[in-house]
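K.L.:
The structure file upload_16.txt (compact mmCIF, C-alpha atoms and all ligand atoms) is provided below.
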# COMPACT_ATOMS: atom_id res chain seq x y z
CA MET X 23 8.66 6.23 23.31
CA ARG X 24 8.59 9.45 25.35
CA THR X 25 10.19 12.87 24.98
CA GLN X 26 9.64 16.41 26.24
CA VAL X 27 9.12 18.10 22.86
CA ALA X 28 7.95 16.11 19.81
CA ILE X 29 9.05 17.99 16.70
CA ILE X 30 7.21 17.25 13.45
CA GLY X 31 9.44 18.10 10.47
CA GLY X 32 13.21 17.89 10.06
CA GLY X 33 13.73 21.01 7.95
CA PRO X 34 15.69 24.00 9.26
CA SER X 35 12.96 25.02 11.79
CA GLY X 36 12.66 21.60 13.41
CA LEU X 37 16.40 20.90 13.49
CA LEU X 38 17.33 24.33 14.83
CA LEU X 39 14.74 24.00 17.59
CA ALA X 40 16.00 20.52 18.51
CA GLN X 41 19.59 21.75 18.62
CA LEU X 42 18.79 24.83 20.74
CA LEU X 43 16.68 22.75 23.17
CA HIS X 44 19.61 20.37 23.53
CA THR X 45 21.89 23.25 24.65
CA ARG X 46 19.49 23.82 27.58
CA GLY X 47 19.06 20.17 28.51
CA ILE X 48 15.60 19.77 26.95
CA ASP X 49 14.91 16.49 25.21
CA SER X 50 13.25 16.23 21.79
CA VAL X 51 12.54 13.77 18.98
CA VAL X 52 12.32 14.97 15.36
CA LEU X 53 9.96 13.07 13.03
CA GLU X 54 10.71 13.68 9.35
CA ARG X 55 8.72 12.31 6.43
CA ARG X 56 11.61 12.26 3.94
CA SER X 57 15.11 10.80 3.86
CA ARG X 58 18.06 12.93 4.93
CA ASP X 59 19.38 13.01 1.35
CA TYR X 60 16.04 14.24 0.05
CA VAL X 61 15.90 17.08 2.60
CA LEU X 62 19.48 18.06 1.71
CA SER X 63 18.75 18.06 -2.03
CA ARG X 64 16.22 20.91 -1.74
CA ILE X 65 17.79 24.11 -3.03
CA ARG X 66 16.14 27.02 -1.29
CA ALA X 67 17.19 30.14 0.58
CA GLY X 68 20.64 31.71 0.46
CA VAL X 69 20.70 34.88 2.57
CA LEU X 70 20.80 34.84 6.38
CA GLU X 71 19.92 37.79 8.60
CA THR X 72 22.21 38.73 11.48
CA GLY X 73 19.65 37.33 13.95
CA MET X 74 19.72 33.93 12.29
CA VAL X 75 23.51 33.94 12.16
CA ASP X 76 23.57 34.67 15.91
CA LEU X 77 21.03 31.93 16.59
CA MET X 78 23.08 29.36 14.63
CA THR X 79 26.13 30.37 16.66
CA ARG X 80 24.16 30.08 19.90
CA ALA X 81 23.05 26.60 18.82
CA GLY X 82 26.73 25.65 18.41
CA VAL X 83 26.49 25.28 14.65
CA GLY X 84 28.04 28.55 13.50
CA GLU X 85 31.61 27.45 12.92
CA ARG X 86 31.49 26.35 9.26
CA MET X 87 29.09 29.17 8.40
CA GLN X 88 31.54 31.74 9.82
CA ARG X 89 34.38 30.13 7.86
CA GLU X 90 32.68 29.48 4.51
CA GLY X 91 29.83 31.99 4.42
CA PHE X 92 30.16 35.36 2.71
CA ILE X 93 29.33 38.60 4.47
CA HIS X 94 27.53 41.08 2.23
CA ASP X 95 27.58 44.75 3.17
CA GLY X 96 24.93 45.74 0.64
CA THR X 97 22.83 44.80 -2.35
CA GLN X 98 22.12 46.15 -5.84
CA PHE X 99 18.84 47.22 -7.41
CA ALA X 100 18.44 47.61 -11.18
CA TYR X 101 15.60 49.30 -13.05
CA ASP X 102 15.11 51.38 -16.15
CA GLY X 103 18.64 50.73 -17.48
CA GLN X 104 20.39 51.82 -14.28
CA MET X 105 21.70 50.21 -11.12
CA PHE X 106 22.05 51.56 -7.58
CA ARG X 107 23.38 50.12 -4.36
CA ILE X 108 22.00 50.01 -0.83
CA ASP X 109 24.92 49.92 1.58
CA PHE X 110 23.61 48.23 4.74
CA ALA X 111 26.90 48.54 6.60
CA ASP X 112 27.24 52.22 5.90
CA LEU X 113 23.57 53.06 6.52
CA ILE X 114 22.87 51.06 9.68
CA GLY X 115 26.07 49.16 10.54
CA LYS X 116 24.58 45.74 9.74
CA THR X 117 25.28 43.03 7.14
CA VAL X 118 23.82 39.73 5.87
CA MET X 119 25.47 36.34 5.43
CA VAL X 120 25.31 34.41 2.15
CA TYR X 121 25.20 30.75 3.18
CA GLY X 122 22.77 28.30 1.60
CA GLN X 123 19.87 26.62 3.36
CA THR X 124 21.33 23.29 2.26
CA GLU X 125 24.49 24.03 4.26
CA VAL X 126 22.49 25.27 7.27
CA THR X 127 20.51 22.02 7.24
CA ARG X 128 23.63 19.89 6.80
CA ASP X 129 25.33 21.60 9.76
CA LEU X 130 22.25 21.05 11.90
CA TYR X 131 22.01 17.34 10.96
CA ASP X 132 25.71 16.87 11.75
CA ALA X 133 25.33 18.61 15.10
CA ARG X 134 22.27 16.55 16.03
CA GLU X 135 24.13 13.39 15.12
CA ALA X 136 27.22 14.38 17.12
CA ALA X 137 25.04 15.11 20.17
CA GLY X 138 23.20 11.78 19.86
CA GLY X 139 19.94 13.60 19.07
CA VAL X 140 17.04 11.52 17.73
CA VAL X 141 15.97 12.45 14.19
CA LEU X 142 13.75 9.77 12.66
CA HIS X 143 13.52 9.85 8.87
CA ASP X 144 11.00 8.16 6.56
CA CYS X 145 8.11 8.55 9.02
CA SER X 146 4.72 8.43 7.32
CA GLY X 147 1.23 9.20 8.57
CA VAL X 148 2.58 11.46 11.33
CA THR X 149 -0.48 12.52 13.36
CA PRO X 150 -0.64 14.61 16.55
CA HIS X 151 -3.32 13.67 19.13
CA ASP X 152 -4.89 15.13 22.27
CA LEU X 153 -3.25 18.51 21.76
CA ASP X 154 -5.79 20.21 24.00
CA THR X 155 -4.93 17.95 26.95
CA ASP X 156 -1.92 17.71 29.28
CA ALA X 157 -0.84 14.46 27.63
CA PRO X 158 -0.47 14.93 23.89
CA PHE X 159 1.12 12.25 21.71
CA VAL X 160 2.08 11.67 18.09
CA THR X 161 1.59 8.48 16.10
CA PHE X 162 3.47 7.53 12.95
CA LEU X 163 4.37 4.63 10.72
CA ARG X 164 8.01 3.64 10.29
CA ASP X 165 9.66 0.41 9.13
CA GLY X 166 6.23 -1.15 8.71
CA ALA X 167 5.14 -0.58 12.33
CA VAL X 168 2.94 2.02 14.04
CA HIS X 169 4.77 3.96 16.76
CA ARG X 170 3.54 6.26 19.52
CA LEU X 171 5.56 9.18 20.85
CA ASP X 172 4.29 10.64 24.14
CA CYS X 173 5.38 14.18 24.93
CA ASP X 174 4.72 17.40 26.87
CA PHE X 175 4.45 19.58 23.75
CA VAL X 176 4.32 19.25 19.96
CA ALA X 177 6.25 21.65 17.71
CA GLY X 178 4.71 21.75 14.22
CA CYS X 179 7.73 22.48 11.99
CA ASP X 180 6.41 20.51 9.02
CA GLY X 181 6.28 23.19 6.35
CA PHE X 182 3.34 24.53 4.38
CA HIS X 183 1.90 21.13 3.41
CA GLY X 184 2.42 19.34 6.74
CA PRO X 185 -0.36 18.07 9.04
CA SER X 186 0.28 20.28 12.10
CA ARG X 187 -1.57 23.41 10.99
CA GLN X 188 -4.60 21.33 10.03
CA ALA X 189 -4.75 20.03 13.62
CA ILE X 190 -5.93 23.47 14.79
CA PRO X 191 -9.74 23.38 14.63
CA THR X 192 -11.19 25.42 11.77
CA ASP X 193 -13.30 27.55 14.11
CA VAL X 194 -10.11 28.70 15.87
CA ARG X 195 -7.80 28.99 12.86
CA ARG X 196 -7.74 32.12 10.68
CA GLU X 197 -5.77 32.10 7.44
CA TYR X 198 -4.72 35.14 5.42
CA GLU X 199 -3.45 34.58 1.91
CA ARG X 200 -2.36 36.28 -1.28
CA THR X 201 -1.16 34.35 -4.30
CA TYR X 202 0.77 36.07 -7.09
CA PRO X 203 0.12 35.54 -10.80
CA PHE X 204 3.68 34.36 -11.56
CA GLY X 205 6.44 32.08 -10.32
CA TRP X 206 10.23 32.09 -10.11
CA LEU X 207 12.27 29.86 -12.37
CA GLY X 208 15.59 29.27 -10.59
CA ILE X 209 18.81 27.65 -11.70
CA LEU X 210 22.00 26.73 -9.92
CA SER X 211 25.18 26.66 -12.00
CA GLU X 212 28.84 26.04 -11.30
CA THR X 213 29.91 29.43 -12.59
CA PRO X 214 31.34 32.51 -10.86
CA PRO X 215 28.62 34.98 -9.77
CA VAL X 216 28.08 37.92 -12.09
CA ASP X 217 28.61 40.42 -9.24
CA ASP X 218 30.08 40.44 -5.74
CA GLU X 219 26.60 41.26 -4.41
CA LEU X 220 23.03 40.25 -5.22
CA ILE X 221 21.25 42.13 -8.02
CA TYR X 222 17.45 42.54 -7.79
CA ALA X 223 16.29 43.65 -11.24
CA ASN X 224 13.00 45.18 -12.33
CA SER X 225 12.77 45.00 -16.12
CA ASP X 226 10.14 45.37 -18.83
CA ARG X 227 10.34 41.62 -19.35
CA GLY X 228 9.81 40.82 -15.67
CA PHE X 229 11.86 40.37 -12.51
CA ALA X 230 15.33 38.80 -12.35
CA LEU X 231 17.64 38.05 -9.43
CA CYS X 232 21.35 37.30 -9.53
CA SER X 233 22.43 35.50 -6.37
CA MET X 234 25.15 33.07 -5.37
CA ARG X 235 26.29 30.38 -2.99
CA ASN X 236 30.07 30.72 -3.33
CA ALA X 237 32.84 31.90 -5.67
CA ASN X 238 32.00 29.20 -8.20
CA LEU X 239 28.33 28.54 -7.57
CA SER X 240 25.68 30.95 -8.80
CA ARG X 241 21.94 31.04 -8.23
CA TYR X 242 19.81 32.98 -10.73
CA TYR X 243 16.05 33.48 -10.91
CA ILE X 244 13.66 34.92 -13.46
CA GLN X 245 9.97 35.66 -13.08
CA CYS X 246 8.01 33.14 -15.19
CA ASP X 247 4.43 32.14 -15.96
CA LEU X 248 2.78 29.84 -13.46
CA SER X 249 1.90 27.50 -16.32
CA ASP X 250 5.61 27.09 -17.28
CA SER X 251 7.45 23.90 -16.46
CA PRO X 252 11.26 23.77 -15.92
CA ASP X 253 11.39 21.44 -18.95
CA ASP X 254 10.07 24.28 -21.14
CA TRP X 255 13.28 26.19 -20.45
CA THR X 256 16.56 25.03 -21.95
CA ASP X 257 19.64 26.41 -20.23
CA ASP X 258 20.32 28.61 -23.26
CA ALA X 259 16.79 30.04 -23.17
CA PHE X 260 17.22 30.81 -19.47
CA TRP X 261 20.56 32.59 -19.95
CA ASP X 262 19.23 34.58 -22.92
CA GLU X 263 16.23 35.73 -20.93
CA LEU X 264 18.31 36.59 -17.87
CA ARG X 265 20.68 38.69 -20.01
CA ARG X 266 17.73 40.68 -21.34
CA ARG X 267 16.51 41.52 -17.82
CA ILE X 268 19.73 42.68 -16.12
CA PRO X 269 21.82 45.81 -16.79
CA GLU X 270 23.99 45.68 -19.92
CA ASP X 271 27.31 45.60 -18.05
CA ALA X 272 26.17 42.64 -16.00
CA ALA X 273 24.76 40.87 -19.07
CA ASP X 274 28.08 41.31 -20.88
CA SER X 275 30.12 39.85 -18.04
CA LEU X 276 27.69 37.01 -17.19
CA VAL X 277 29.47 33.65 -17.23
CA THR X 278 27.07 30.87 -18.22
CA GLY X 279 27.30 27.10 -17.96
CA PRO X 280 25.10 24.03 -17.59
CA SER X 281 22.48 24.18 -14.85
CA ILE X 282 22.87 21.63 -12.05
CA GLU X 283 19.37 22.33 -10.70
CA LYS X 284 16.36 23.97 -12.29
CA SER X 285 12.98 24.44 -10.61
CA ILE X 286 9.93 26.67 -10.47
CA ALA X 287 8.47 28.01 -7.21
CA PRO X 288 5.08 29.70 -6.97
CA LEU X 289 4.89 32.94 -4.96
CA ARG X 290 2.55 33.21 -2.02
CA SER X 291 1.97 35.35 1.08
CA PHE X 292 0.25 33.36 3.85
CA VAL X 293 -0.24 33.65 7.61
CA CYS X 294 -2.08 31.34 9.99
CA GLU X 295 -3.30 32.72 13.31
CA PRO X 296 -2.93 31.74 16.10
CA MET X 297 0.38 29.89 16.06
CA ARG X 298 -0.45 28.03 19.26
CA TRP X 299 -3.34 25.77 20.04
CA GLY X 300 -3.29 23.85 23.32
CA ARG X 301 0.08 22.11 23.43
CA LEU X 302 0.77 22.55 19.71
CA PHE X 303 3.10 25.32 18.52
CA LEU X 304 3.53 26.06 14.81
CA ALA X 305 6.83 27.46 13.50
CA GLY X 306 8.27 28.39 10.11
CA ASP X 307 6.52 27.54 6.84
CA ALA X 308 3.91 25.51 8.77
CA ALA X 309 2.50 28.86 9.93
CA HIS X 310 3.45 31.33 7.22
CA ILE X 311 4.87 31.72 3.74
CA VAL X 312 6.45 34.80 2.17
CA PRO X 313 7.27 35.34 -1.48
CA PRO X 314 11.07 34.92 -1.79
CA THR X 315 11.73 38.53 -2.91
CA GLY X 316 13.72 39.79 0.07
CA ALA X 317 14.90 36.36 1.28
CA LYS X 318 12.72 36.19 4.37
CA GLY X 319 11.30 32.62 4.43
CA LEU X 320 14.12 30.90 6.25
CA ASN X 321 14.88 33.96 8.38
CA THR X 322 11.30 34.20 9.61
CA ALA X 323 11.41 30.51 10.48
CA ALA X 324 14.51 31.28 12.57
CA SER X 325 12.82 34.14 14.43
CA ASP X 326 9.89 31.85 15.32
CA ILE X 327 12.37 29.33 16.67
CA HIS X 328 14.01 32.04 18.75
CA TYR X 329 10.69 32.87 20.45
CA LEU X 330 9.65 29.22 20.79
CA PHE X 331 13.00 28.15 22.22
CA ASP X 332 12.82 31.00 24.71
CA GLY X 333 9.34 29.80 25.72
CA PHE X 334 10.46 26.19 26.27
CA ASP X 335 13.63 27.27 28.10
CA ARG X 336 11.65 29.44 30.50
CA HIS X 337 9.04 26.71 30.99
CA TYR X 338 11.49 23.91 31.73
CA ASN X 339 14.34 25.77 33.39
CA GLN X 340 12.57 28.59 35.26
CA GLY X 341 9.01 27.31 35.67
CA ASP X 342 7.77 30.42 33.86
CA ALA X 343 4.83 30.02 31.45
CA GLU X 344 4.89 33.50 29.95
CA GLY X 345 7.23 32.70 27.03
CA LEU X 346 4.98 29.91 25.76
CA ASP X 347 1.80 31.82 26.53
CA ARG X 348 2.98 34.82 24.53
CA TYR X 349 4.70 32.83 21.74
CA SER X 350 2.00 33.29 19.12
CA GLU X 351 1.62 37.00 19.80
CA ARG X 352 5.38 37.69 19.75
CA ALA X 353 6.05 35.63 16.62
CA LEU X 354 3.10 37.07 14.70
CA ALA X 355 4.04 40.68 15.50
CA ARG X 356 7.34 40.17 13.71
CA ILE X 357 5.91 38.01 10.95
CA TRP X 358 3.39 40.61 9.80
CA LYS X 359 6.15 43.22 9.45
CA THR X 360 8.20 40.74 7.42
CA GLN X 361 5.13 39.95 5.32
CA ARG X 362 4.83 43.67 4.57
CA PHE X 363 8.44 43.87 3.41
CA SER X 364 8.25 40.74 1.23
CA TRP X 365 4.96 41.89 -0.32
CA TRP X 366 6.41 45.36 -0.93
CA MET X 367 9.59 44.01 -2.59
CA THR X 368 7.51 41.65 -4.72
CA SER X 369 5.10 44.44 -5.71
CA GLN X 370 7.88 46.84 -6.73
CA LEU X 371 10.03 44.45 -8.71
CA HIS X 372 7.69 42.21 -10.75
CA ARG X 373 5.53 42.71 -13.82
CA PHE X 374 1.88 42.00 -13.04
CA PRO X 375 -0.54 40.99 -15.83
CA ASP X 376 -3.09 43.70 -14.98
CA GLN X 377 -0.60 46.52 -14.39
CA SER X 378 -1.66 49.88 -15.85
CA ALA X 379 0.67 52.58 -17.19
CA PHE X 380 0.04 54.42 -13.91
CA ASP X 381 1.01 51.35 -11.87
CA LEU X 382 4.27 51.10 -13.79
CA LYS X 383 5.04 54.76 -13.11
CA MET X 384 4.40 54.15 -9.40
CA GLN X 385 6.89 51.25 -9.40
CA GLN X 386 9.48 53.49 -11.03
CA ALA X 387 8.77 56.28 -8.57
CA GLU X 388 9.15 53.89 -5.61
CA LEU X 389 12.54 52.75 -6.93
CA ALA X 390 13.68 56.29 -7.71
CA PHE X 391 12.66 57.35 -4.18
CA LEU X 392 14.66 54.47 -2.75
CA ARG X 393 17.66 55.38 -4.91
CA ASP X 394 17.60 59.03 -3.79
CA ASN X 395 16.33 58.99 -0.21
CA THR X 396 18.56 58.00 2.68
CA ALA X 397 15.64 57.45 5.06
CA ALA X 398 14.03 55.02 2.58
CA GLN X 399 17.37 53.25 2.16
CA LYS X 400 17.74 52.92 5.92
CA ALA X 401 14.24 51.46 6.20
CA LEU X 402 15.06 48.92 3.50
CA ALA X 403 18.40 48.09 5.12
CA GLU X 404 16.66 47.51 8.50
CA ALA X 405 14.14 45.15 6.94
CA TYR X 406 16.61 43.33 4.67
CA THR X 407 19.24 42.67 7.34
CA GLY X 408 16.44 41.71 9.74
CA MET X 409 14.38 43.42 12.38
CA PRO X 410 15.44 42.72 15.97
CA TYR X 411 13.86 39.69 17.67
P1 LIG N 501 10.56 23.22 5.42
O1 LIG N 501 11.93 23.54 4.96
O2 LIG N 501 9.49 23.07 4.42
O3 LIG N 501 10.68 21.90 6.29
C1 LIG N 501 9.55 21.20 6.71
C2 LIG N 501 9.94 19.77 6.89
O4 LIG N 501 8.80 19.05 7.32
C3 LIG N 501 8.74 17.83 6.60
N1 LIG N 501 7.37 17.36 6.56
C4 LIG N 501 6.93 16.35 7.34
N2 LIG N 501 7.54 15.59 8.27
C5 LIG N 501 6.80 14.65 8.87
N3 LIG N 501 5.50 14.37 8.55
C6 LIG N 501 4.86 15.11 7.61
N4 LIG N 501 3.59 14.83 7.29
C7 LIG N 501 5.57 16.15 6.96
N5 LIG N 501 5.25 17.05 5.99
C8 LIG N 501 6.35 17.77 5.78
C9 LIG N 501 9.29 18.18 5.22
O5 LIG N 501 9.76 17.03 4.51
C10 LIG N 501 10.40 19.13 5.58
O6 LIG N 501 11.64 18.50 5.76
O7 LIG N 501 10.04 24.31 6.49
P2 LIG N 501 10.87 25.09 7.63
O8 LIG N 501 11.77 24.15 8.38
O9 LIG N 501 9.87 25.88 8.36
O10 LIG N 501 11.86 26.04 6.84
C11 LIG N 501 11.36 27.08 6.07
C12 LIG N 501 12.21 27.30 4.85
O11 LIG N 501 12.52 26.07 4.23
C13 LIG N 501 11.50 28.19 3.85
O12 LIG N 501 10.92 29.32 4.50
C14 LIG N 501 12.38 28.73 2.76
O13 LIG N 501 13.12 27.74 2.11
C15 LIG N 501 11.47 29.43 1.75
N6 LIG N 501 12.08 29.52 0.48
C16 LIG N 501 12.99 30.48 0.31
N7 LIG N 501 13.26 31.32 1.35
C17 LIG N 501 14.18 32.26 1.21
O14 LIG N 501 14.42 33.00 2.18
N8 LIG N 501 14.86 32.39 0.00
C18 LIG N 501 14.63 31.53 -1.05
O15 LIG N 501 15.25 31.63 -2.08
C19 LIG N 501 13.66 30.55 -0.93
N9 LIG N 501 13.39 29.68 -1.95
C20 LIG N 501 11.73 28.63 -0.57
C21 LIG N 501 12.43 28.72 -1.77
C22 LIG N 501 10.73 27.66 -0.41
C23 LIG N 501 10.41 26.78 -1.43
N10 LIG N 501 9.33 25.84 -1.20
C24 LIG N 501 8.72 25.72 0.10
C25 LIG N 501 8.68 25.12 -2.16
C26 LIG N 501 12.15 27.83 -2.80
C27 LIG N 501 11.15 26.84 -2.65
C28 LIG N 501 10.93 25.92 -3.79
C1 LIG N 502 18.85 32.83 -3.18
O1 LIG N 502 20.07 32.99 -3.24
O2 LIG N 502 18.33 31.72 -3.37
C2 LIG N 502 17.98 34.00 -2.90
C3 LIG N 502 18.55 35.21 -2.54
C4 LIG N 502 17.74 36.30 -2.29
C5 LIG N 502 16.38 36.19 -2.42
C6 LIG N 502 15.81 34.99 -2.77
C7 LIG N 502 16.61 33.88 -3.02
O3 LIG N 502 15.60 37.28 -2.20
How does this structure look as C-alpha cells?

P.N.:
Amino acid sequence: MRTQVAIIGGGPSGLLLAQLLHTRGIDSVVLERRSRDYVLSRIRAGVLETGMVDLMTRAGVGERMQREGFIHDGTQFAYDGQMFRIDFADLIGKTVMVYGQTEVTRDLYDAREAAGGVVLHDCSGVTPHDLDTDAPFVTFLRDGAVHRLDCDFVAGCDGFHGPSRQAIPTDVRREYERTYPFGWLGILSETPPVDDELIYANSDRGFALCSMRNANLSRYYIQCDLSDSPDDWTDDAFWDELRRRIPEDAADSLVTGPSIEKSIAPLRSFVCEPMRWGRLFLAGDAAHIVPPTGAKGLNTAASDIHYLFDGFDRHYNQGDAEGLDRYSERALARIWKTQRFSWWMTSQLHRFPDQSAFDLKMQQAELAFLRDNTAAQKALAEAYTGMPY
C-alpha cells in the first residue's frame, strides 16, 4: 500500500488533516487503533474557537455545526458568592461555538466516507519506520495480517499515549510537564443546561464547571481527588456537590437527572519539542496536553492541523518547503501561549492542597481584577475565543 501522507490516529486531529489534504488533492491513509464506535463514544471537548470553526468550514464539514451548534457571546465566572460575565462579542467582537467533539468527529468520519477516504480501524502494533530517510513507512497488524504502508510523510496524530512521539530519539526530544494534584469528575445528563452560557466556578469546596451540548444535554464537572473513581460518586452525590459549588441562584434552578456518562480525567500540562523529526510531524495531543480549564485541547489540535496542512499544501502544490520546515516553530509558538492561558485558568479556579491563606487571597484578587478591569477582560476574551493562527 502507498500514500502521500500516512496519518496515525483517527481522532479529530488525524481526520481533520485527512479531510483538508483531500480538498487540495493530497492523498492520505488514516490508521486508527480503535473501532469507529469507540472513538465516537469518547465524551470530550465542547467549545470551539473561531479558528477551528473556520477550519471545519474550509474542510467542507461546517454545515451541521453551523446549523446545530450554539454561538456563545460570553461566559460567566463565579467566586466568593458572586457571578460576573465576560462579554467576548462586546469586548473584542468575537464568539465561540458550543459543538461537541463527538459531533466534530462524526462529521469528519462522514465526510471522509463520502469522499472515499481511507480510514482503517482496528489497526494494532502501528509502528513508523525510517523516519529520517526519504522513504518512511508504517507497519501494522489488521485482520490477522501484517501490512506495510509506504509514504512521503508520517503525521503522528495518535494522542498522548500513541507511539509517534516515542519515535523521536530521546536525545532530540525535550518534554516539559506539570501534573496537577486533582482531576475533573464529569457527567453528561439529558437535562436543560442551568444557564445559557458556561459557568466557571471557584468555590471553597473546589472548582465546578457548568457546560452543555444542546438545549437538553448538559455537561457538568467538579474538581475531585485523583484517587476517586467514578463509581465512588452516585448521581445524587454529584448533584449535591455541584449545587454547593455554584452560585445560589444557579443551584436553585439546576435541573438534575440520571447521568448518561460519568468519567474522571486527570489534569496535565505537557509539551514535546520539537514537533518534527525527519519526515514525522506530531500534531494535537500527541505533542501537547493542556488542562481542560479554558477548553483549549481540541482547539490547539486544530491550530496544529492548520499549520501542518499549510505545510503539506505548499510542499505538494507549490514545491515550497518552508511551511513544513517551519511547522514545529510556528505550532509551538502558539501552543506555549495557550499553555499559559490553560495553566492560568487552572491556577485561578481550583483549590490546591498546599494553598496558603495568601495564595487564596491572590486567587480572589486575580478574579476581582478580571471582574473590574476591561483590559484584563479583553485579554481573557482574546485567549478564550482563540488567538489568531
Ligand atoms: P485524540 O482525540 O486522543 O485522538 C488520537 C487518536 O489516536 C488513536 N491512537 C492510535 N491509533 C493507532 N495506533 C495507535 N497506537 C494509537 N494510539 C492512539 C486513538 O484511539 C485516538 O482515536 O487526539 P487528537 O486527535 O489530537 O485530539 C485532541 C483532543 O481529543 C483533546 O485535546 C481533547 O479532547 C482534550 N480534552 C478536552 N479538551 C477540551 O478542549 N475540553 C474538554 O472538555 C476536554 N475533555 C479531553 C477531555 C481529553 C481527555 N483525554 C485525553 C483523556 C477529556 C478527556 C478524558
Ligand atoms: C465541556 O463542555 O466539556 C467543556 C467546556 C469548557 C471547558 C472544558 C470542558 O473549559

K.L.:
What's around Val312 in chain X at 7 Å? Count all atoms listed in the file, leave out sequence neighbours fewer than 2 positions away in its own chain, and write the answer as JSON, numbers by chain.

P.N.:
{"X": [290, 291, 292, 310, 314, 318, 319, 361, 364]}

K.L.:
Neighbours of ligand LIG 501 (chain N) at 7 Å or closer, counting all atoms listed in the file: which residues, as a count of residues only?

P.N.:
43

K.L.:
I need every residue sitting at most 10 Å from the point (24.9, 43.8, -8.0) (coordinates as in the file, only C-alpha atoms considered), written as a ChimeraX atom specification.

P.N.:
/X:96-100,105-108,215-223,231-233,268-269,272

K.L.:
Output, as AutoDock Vina command-line options, the centre and edge lengths in Å (one decimal) of the axis-aligned box that contains all listed atoms of ligand LIG 502 (chain N) with 5 Å of margin on each side.

P.N.:
--center_x 17.8 --center_y 34.5 --center_z -2.8 --size_x 14.5 --size_y 15.6 --size_z 11.2

K.L.:
X:Asp253, X:Asp394, X:Glu283, X:Asp347: which is nearest ligand LIG 502 (chain N), counting only C-alpha atoms and all ligand atoms?

P.N.:
X:Glu283

K.L.:
So that I can look at just that part, could you write range 70-83 of chain X with N, CA, C and O atoms, as a PDB file, in the first residue's frame?

P.N.:
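The resulting file, result10.pdb, is reproduced below:
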ATOM      1  N   LEU X  70     -15.624  25.363  20.691  1.00  0.00           N
ATOM      2  CA  LEU X  70     -14.738  25.554  19.544  1.00  0.00           C
ATOM      3  C   LEU X  70     -14.419  27.036  19.344  1.00  0.00           C
ATOM      4  O   LEU X  70     -15.324  27.876  19.320  1.00  0.00           O
ATOM      5  N   GLU X  71     -13.130  27.317  19.162  1.00  0.00           N
ATOM      6  CA  GLU X  71     -12.707  28.684  18.847  1.00  0.00           C
ATOM      7  C   GLU X  71     -13.135  29.033  17.417  1.00  0.00           C
ATOM      8  O   GLU X  71     -13.332  28.136  16.586  1.00  0.00           O
ATOM      9  N   THR X  72     -13.155  30.328  17.140  1.00  0.00           N
ATOM     10  CA  THR X  72     -13.490  30.798  15.790  1.00  0.00           C
ATOM     11  C   THR X  72     -12.571  30.159  14.738  1.00  0.00           C
ATOM     12  O   THR X  72     -13.024  29.776  13.659  1.00  0.00           O
ATOM     13  N   GLY X  73     -11.281  30.055  15.059  1.00  0.00           N
ATOM     14  CA  GLY X  73     -10.318  29.500  14.099  1.00  0.00           C
ATOM     15  C   GLY X  73     -10.653  28.069  13.739  1.00  0.00           C
ATOM     16  O   GLY X  73     -10.543  27.657  12.581  1.00  0.00           O
ATOM     17  N   MET X  74     -11.094  27.300  14.735  1.00  0.00           N
ATOM     18  CA  MET X  74     -11.440  25.908  14.457  1.00  0.00           C
ATOM     19  C   MET X  74     -12.729  25.817  13.646  1.00  0.00           C
ATOM     20  O   MET X  74     -12.856  24.981  12.752  1.00  0.00           O
ATOM     21  N   VAL X  75     -13.672  26.699  13.975  1.00  0.00           N
ATOM     22  CA  VAL X  75     -14.930  26.744  13.216  1.00  0.00           C
ATOM     23  C   VAL X  75     -14.622  27.039  11.739  1.00  0.00           C
ATOM     24  O   VAL X  75     -15.124  26.369  10.830  1.00  0.00           O
ATOM     25  N   ASP X  76     -13.736  27.998  11.504  1.00  0.00           N
ATOM     26  CA  ASP X  76     -13.362  28.363  10.124  1.00  0.00           C
ATOM     27  C   ASP X  76     -12.674  27.191   9.415  1.00  0.00           C
ATOM     28  O   ASP X  76     -12.911  26.942   8.236  1.00  0.00           O
ATOM     29  N   LEU X  77     -11.827  26.489  10.170  1.00  0.00           N
ATOM     30  CA  LEU X  77     -11.089  25.370   9.578  1.00  0.00           C
ATOM     31  C   LEU X  77     -12.037  24.232   9.192  1.00  0.00           C
ATOM     32  O   LEU X  77     -11.890  23.606   8.140  1.00  0.00           O
ATOM     33  N   MET X  78     -13.032  23.974  10.049  1.00  0.00           N
ATOM     34  CA  MET X  78     -14.039  22.942   9.748  1.00  0.00           C
ATOM     35  C   MET X  78     -14.796  23.331   8.467  1.00  0.00           C
ATOM     36  O   MET X  78     -15.069  22.485   7.612  1.00  0.00           O
ATOM     37  N   THR X  79     -15.122  24.599   8.363  1.00  0.00           N
ATOM     38  CA  THR X  79     -15.854  25.079   7.198  1.00  0.00           C
ATOM     39  C   THR X  79     -14.992  24.917   5.949  1.00  0.00           C
ATOM     40  O   THR X  79     -15.455  24.435   4.905  1.00  0.00           O
ATOM     41  N   ARG X  80     -13.714  25.279   6.085  1.00  0.00           N
ATOM     42  CA  ARG X  80     -12.779  25.154   4.964  1.00  0.00           C
ATOM     43  C   ARG X  80     -12.616  23.699   4.533  1.00  0.00           C
ATOM     44  O   ARG X  80     -12.411  23.400   3.358  1.00  0.00           O
ATOM     45  N   ALA X  81     -12.730  22.791   5.520  1.00  0.00           N
ATOM     46  CA  ALA X  81     -12.599  21.359   5.210  1.00  0.00           C
ATOM     47  C   ALA X  81     -13.898  20.802   4.626  1.00  0.00           C
ATOM     48  O   ALA X  81     -13.989  19.613   4.332  1.00  0.00           O
ATOM     49  N   GLY X  82     -14.930  21.650   4.518  1.00  0.00           N
ATOM     50  CA  GLY X  82     -16.202  21.201   3.948  1.00  0.00           C
ATOM     51  C   GLY X  82     -17.062  20.437   4.935  1.00  0.00           C
ATOM     52  O   GLY X  82     -17.957  19.680   4.540  1.00  0.00           O
ATOM     53  N   VAL X  83     -16.801  20.609   6.231  1.00  0.00           N
ATOM     54  CA  VAL X  83     -17.571  19.874   7.229  1.00  0.00           C
ATOM     55  C   VAL X  83     -18.222  20.837   8.240  1.00  0.00           C
ATOM     56  O   VAL X  83     -18.453  20.464   9.387  1.00  0.00           O
TER      57      VAL X  83
END
